[in-house]
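Peer 1: This one is data-v3.tsv, TSV, C-alpha atoms.
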chain	number	residue	atom	x	y	z
A	1	MET	CA	-15.88	-7.17	-6.93
A	2	GLN	CA	-16.10	-8.37	-3.33
A	3	SER	CA	-14.45	-6.18	-0.68
A	4	ILE	CA	-13.19	-7.51	2.63
A	5	PRO	CA	-12.22	-5.22	5.54
A	6	VAL	CA	-8.79	-6.08	6.99
A	7	ASP	CA	-7.95	-5.83	10.70
A	8	THR	CA	-4.51	-4.19	10.55
A	9	ALA	CA	-3.98	-4.77	14.28
A	10	ARG	CA	-3.52	-8.47	13.45
A	11	LEU	CA	-0.91	-7.86	10.74
A	12	GLY	CA	1.99	-7.06	13.07
A	13	VAL	CA	4.46	-4.30	12.20
A	14	LEU	CA	3.80	-2.60	8.87
A	15	ARG	CA	6.83	-0.99	7.19
A	16	CYS	CA	7.17	0.96	3.98
A	17	ALA	CA	9.15	-1.17	1.50
A	18	ILE	CA	8.84	1.21	-1.47
A	19	ALA	CA	8.03	4.88	-1.00
A	20	PRO	CA	4.75	6.23	-2.43
A	21	GLU	CA	4.51	6.24	-6.22
A	22	ALA	CA	1.76	7.59	-8.45
A	23	LYS	CA	-0.24	4.74	-9.99
A	24	ILE	CA	0.11	4.97	-13.76
A	25	THR	CA	-2.82	3.88	-15.96
A	26	ASN	CA	-1.12	4.42	-19.31
A	27	SER	CA	2.63	3.83	-19.57
A	28	GLU	CA	2.85	5.65	-22.92
A	29	THR	CA	1.26	8.91	-21.73
A	30	GLN	CA	2.26	8.49	-18.04
A	31	GLU	CA	-1.36	9.25	-17.12
A	32	VAL	CA	-1.98	8.92	-13.39
A	33	LYS	CA	-4.97	6.86	-12.25
A	34	ARG	CA	-7.71	8.84	-10.52
A	35	ASP	CA	-10.38	7.76	-8.04
A	36	ARG	CA	-14.12	8.43	-8.41
A	37	ASP	CA	-13.67	11.93	-7.01
A	38	GLY	CA	-10.85	12.80	-9.41
A	39	ASN	CA	-8.03	12.51	-6.84
A	40	PRO	CA	-4.76	10.91	-8.00
A	41	VAL	CA	-4.19	7.35	-6.77
A	42	TRP	CA	-0.83	6.47	-5.19
A	43	THR	CA	0.58	3.10	-4.18
A	44	VAL	CA	2.83	2.19	-1.29
A	45	ALA	CA	4.52	-1.21	-0.98
A	46	VAL	CA	4.25	-2.33	2.65
A	47	THR	CA	5.89	-5.29	4.38
A	48	VAL	CA	3.74	-7.39	6.67
A	49	ARG	CA	5.13	-9.89	9.19
A	50	GLN	CA	2.74	-11.79	11.41
A	51	ASP	CA	3.90	-13.74	14.46
A	52	GLY	CA	7.42	-14.51	13.21
A	53	ARG	CA	6.22	-15.83	9.86
A	54	ARG	CA	7.75	-14.89	6.54
A	55	ILE	CA	7.57	-11.30	5.44
A	56	SER	CA	5.03	-10.55	2.72
A	57	VAL	CA	4.91	-7.40	0.64
A	58	ILE	CA	1.54	-5.96	-0.32
A	59	GLU	CA	0.94	-2.96	-2.54
A	60	ILE	CA	-1.70	-0.64	-1.12
A	61	ALA	CA	-3.52	1.99	-3.18
A	62	VAL	CA	-4.58	5.24	-1.52
A	63	SER	CA	-6.22	8.43	-2.84
A	64	GLY	CA	-3.90	11.43	-2.69
A	65	GLN	CA	-0.17	11.45	-2.09
A	66	PRO	CA	0.81	10.09	1.34
A	67	LYS	CA	3.11	12.61	3.04
A	68	GLY	CA	6.24	11.98	5.12
A	69	ILE	CA	6.64	8.28	4.33
A	70	GLU	CA	10.17	6.93	3.84
A	71	GLU	CA	11.38	3.45	2.95
A	72	GLY	CA	11.96	1.38	6.09
A	73	GLN	CA	9.62	3.49	8.20
A	74	THR	CA	6.85	1.96	10.25
A	75	VAL	CA	3.47	3.09	8.90
A	76	LYS	CA	-0.11	3.14	10.10
A	77	VAL	CA	-2.69	1.95	7.57
A	78	THR	CA	-6.25	3.15	8.16
A	79	GLY	CA	-9.32	1.59	6.57
A	80	LEU	CA	-7.53	-1.26	4.77
A	81	THR	CA	-9.75	-3.27	2.44
A	82	ALA	CA	-8.90	-6.29	0.28
A	83	PHE	CA	-10.60	-6.72	-3.10
A	84	MET	CA	-10.87	-10.02	-4.94
A	85	TRP	CA	-10.58	-9.56	-8.72
A	86	SER	CA	-10.46	-11.62	-11.90
A	87	MET	CA	-9.83	-10.82	-15.55
A	88	GLY	CA	-10.16	-13.79	-17.87
A	89	ASP	CA	-7.95	-16.54	-16.48
A	90	ARG	CA	-6.09	-14.16	-14.13
A	91	HIS	CA	-7.20	-13.45	-10.58
A	92	GLY	CA	-5.84	-12.03	-7.36
A	93	VAL	CA	-6.25	-9.71	-4.41
A	94	SER	CA	-5.64	-5.97	-4.40
A	95	PHE	CA	-5.54	-3.65	-1.40
A	96	ARG	CA	-6.86	-0.14	-0.84
A	97	ALA	CA	-6.70	2.08	2.25
A	98	ASP	CA	-8.31	5.30	3.40
A	99	ALA	CA	-4.91	6.59	4.56
A	100	ILE	CA	-1.27	5.58	5.09
A	101	THR	CA	0.61	7.71	7.60
A	102	PRO	CA	4.10	7.53	9.10
A	103	VAL	CA	4.72	6.42	12.66
A	104	GLN	CA	7.18	9.11	13.77
A	105	GLY	CA	10.77	8.20	14.62
A	106	THR	CA	10.80	4.76	12.97
A	107	ALA	CA	12.76	5.14	9.70
A	108	LEU	CA	15.53	2.60	9.14
A	109	HIS	CA	18.34	4.57	7.52
A	110	GLY	CA	20.93	1.80	7.42
A	111	LYS	CA	23.84	4.29	7.42
A	112	GLY	CA	26.56	3.89	9.99
A	113	GLY	CA	24.34	2.44	12.70
A	114	ASP	CA	21.87	5.30	12.96
A	115	ALA	CA	18.87	3.00	12.50
Output the file's structure in the form of structure tokens.
Peer 2:
Amino acid sequence: MQSIPVDTARLGVLRCAIAPEAKITNSETQEVKRDRDGNPVWTVAVTVRQDGRRISVIEIAVSGQPKGIEEGQTVKVTGLTAFMWSMGDRHGVSFRADAITPVQGTALHGKGGDA
């Protein structure tokens, strides 16, 4: 699997689209995926909008539960890497980061103009 480091400074504003969720490896047993060190893996859906282009949503995996992240909040992604993968006739790109942290004071609440 080829890994490609991603320059997050070129991705524009990164916002949490879906709050952190534990990555499940077995839907029947609800077993949570673990990294090589045994830490639980979490995913965060993040919106990316570069230079006025369309918004894309990428799902980023991270070891350990990210704290303090709310939907709509601007986030900082550290150590983002893209991985090319293929399984049979399916292929794609997945993303992993060293950390995802909130940028304080940036949550979009959408309630009565307090955004």
Peer 1: Pick the closest to Asn39 (chain A) from A:Val62, A:Leu14, A:Ile69, A:Ala97: which is it, counting only C-alpha atoms?
Peer 2: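 Going through A:Val62, A:Leu14, A:Ile69, A:Ala97 one by one, the smallest distance to Asn39 (chain A) is for A:Val62.
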Peer 1: Need the neighbours of (-17.4, -6.2, -0.3): which residues are at most 12 Å away, counting all atoms listed in the file, as a PyMOL selection string?
Peer 2: chain A and resi 1-6+81-85
Peer 1: Could you please determine the separation between CA of Thr8 (chain A) and CA of Arg54 (chain A) in Å, to one decimal place?
Peer 2: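 Atom-to-atom, CA of Thr8 (chain A) to CA of Arg54 (chain A), that is 16.8 Å.
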Peer 1: Given the choices A:Val44, A:Lys33, A:Arg53, A:Thr25, which gets closest to Gly12 (chain A) if the distance is worked out from only C-alpha atoms?
Peer 2: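 For Gly12 (chain A), the nearest of the given residues is A:Arg53.
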Peer 1: So which residues fall inside 8 Å of (0.4, -1.8, -2.7) if we count only C-alpha atoms? Mind giving them as an mmCIF file with C-alpha atoms, keeping the file's coordinate frame?
Peer 2:
data_model
loop_
_atom_site.group_PDB
_atom_site.id
_atom_site.type_symbol
_atom_site.label_atom_id
_atom_site.label_comp_id
_atom_site.auth_asym_id
_atom_site.auth_seq_id
_atom_site.Cartn_x
_atom_site.Cartn_y
_atom_site.Cartn_z
ATOM 1 C CA THR A 43 0.580 3.100 -4.180
ATOM 2 C CA VAL A 44 2.830 2.190 -1.290
ATOM 3 C CA ALA A 45 4.520 -1.210 -0.980
ATOM 4 C CA VAL A 46 4.250 -2.330 2.650
ATOM 5 C CA VAL A 57 4.910 -7.400 0.640
ATOM 6 C CA ILE A 58 1.540 -5.960 -0.320
ATOM 7 C CA GLU A 59 0.940 -2.960 -2.540
ATOM 8 C CA ILE A 60 -1.700 -0.640 -1.120
ATOM 9 C CA ALA A 61 -3.520 1.990 -3.180
ATOM 10 C CA SER A 94 -5.640 -5.970 -4.400
ATOM 11 C CA PHE A 95 -5.540 -3.650 -1.400
ATOM 12 C CA ARG A 96 -6.860 -0.140 -0.840
#
Peer 1: Restricting the calculation to all atoms listed in the file, which member of A:Ile24, A:Val41, A:Val48, A:Leu80 is positioned closest to Ala99 (chain A)?
Peer 2: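 Closest residue, counting all atoms listed in the file: A:Leu80.
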Peer 1: Just give me the gap between CA of Val77 (chain A) and CA of Val13 (chain A) in Å, one decimal is fine.
Peer 2: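 Separation of CA of Val77 (chain A) and CA of Val13 (chain A): 10.6 Å.
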Peer 1: Select, from A:Gly92, A:Glu31, A:Ile100, A:Thr47, the residue with the minimum atom-to-atom distance to Gly72 (chain A), counting all atoms listed in the file.
Peer 2: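 Once distances to Gly72 (chain A) are computed over all atoms listed in the file, the minimum belongs to A:Thr47.
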Peer 1: Pick from A:Glu71, A:His91, A:Ser63, A:Gly52: nearest to Ala22 (chain A), with only C-alpha atoms counted?
Peer 2: A:Ser63
Peer 1: Work out how far CA of Pro20 (chain A) is from CA of Asp98 (chain A), in Å to one decimal.
Peer 2: 14.3 Å
Peer 1: Could you give me the axis-aligned bounding box of region 55-64 of chain A, with 5 Å of padding per side, as centre plus edge lengths in Å to one decimal, as AutoDock Vina command-line options?
Peer 2:
--center_x 0.7 --center_y 0.1 --center_z 1.1 --size_x 23.8 --size_y 32.7 --size_z 18.6
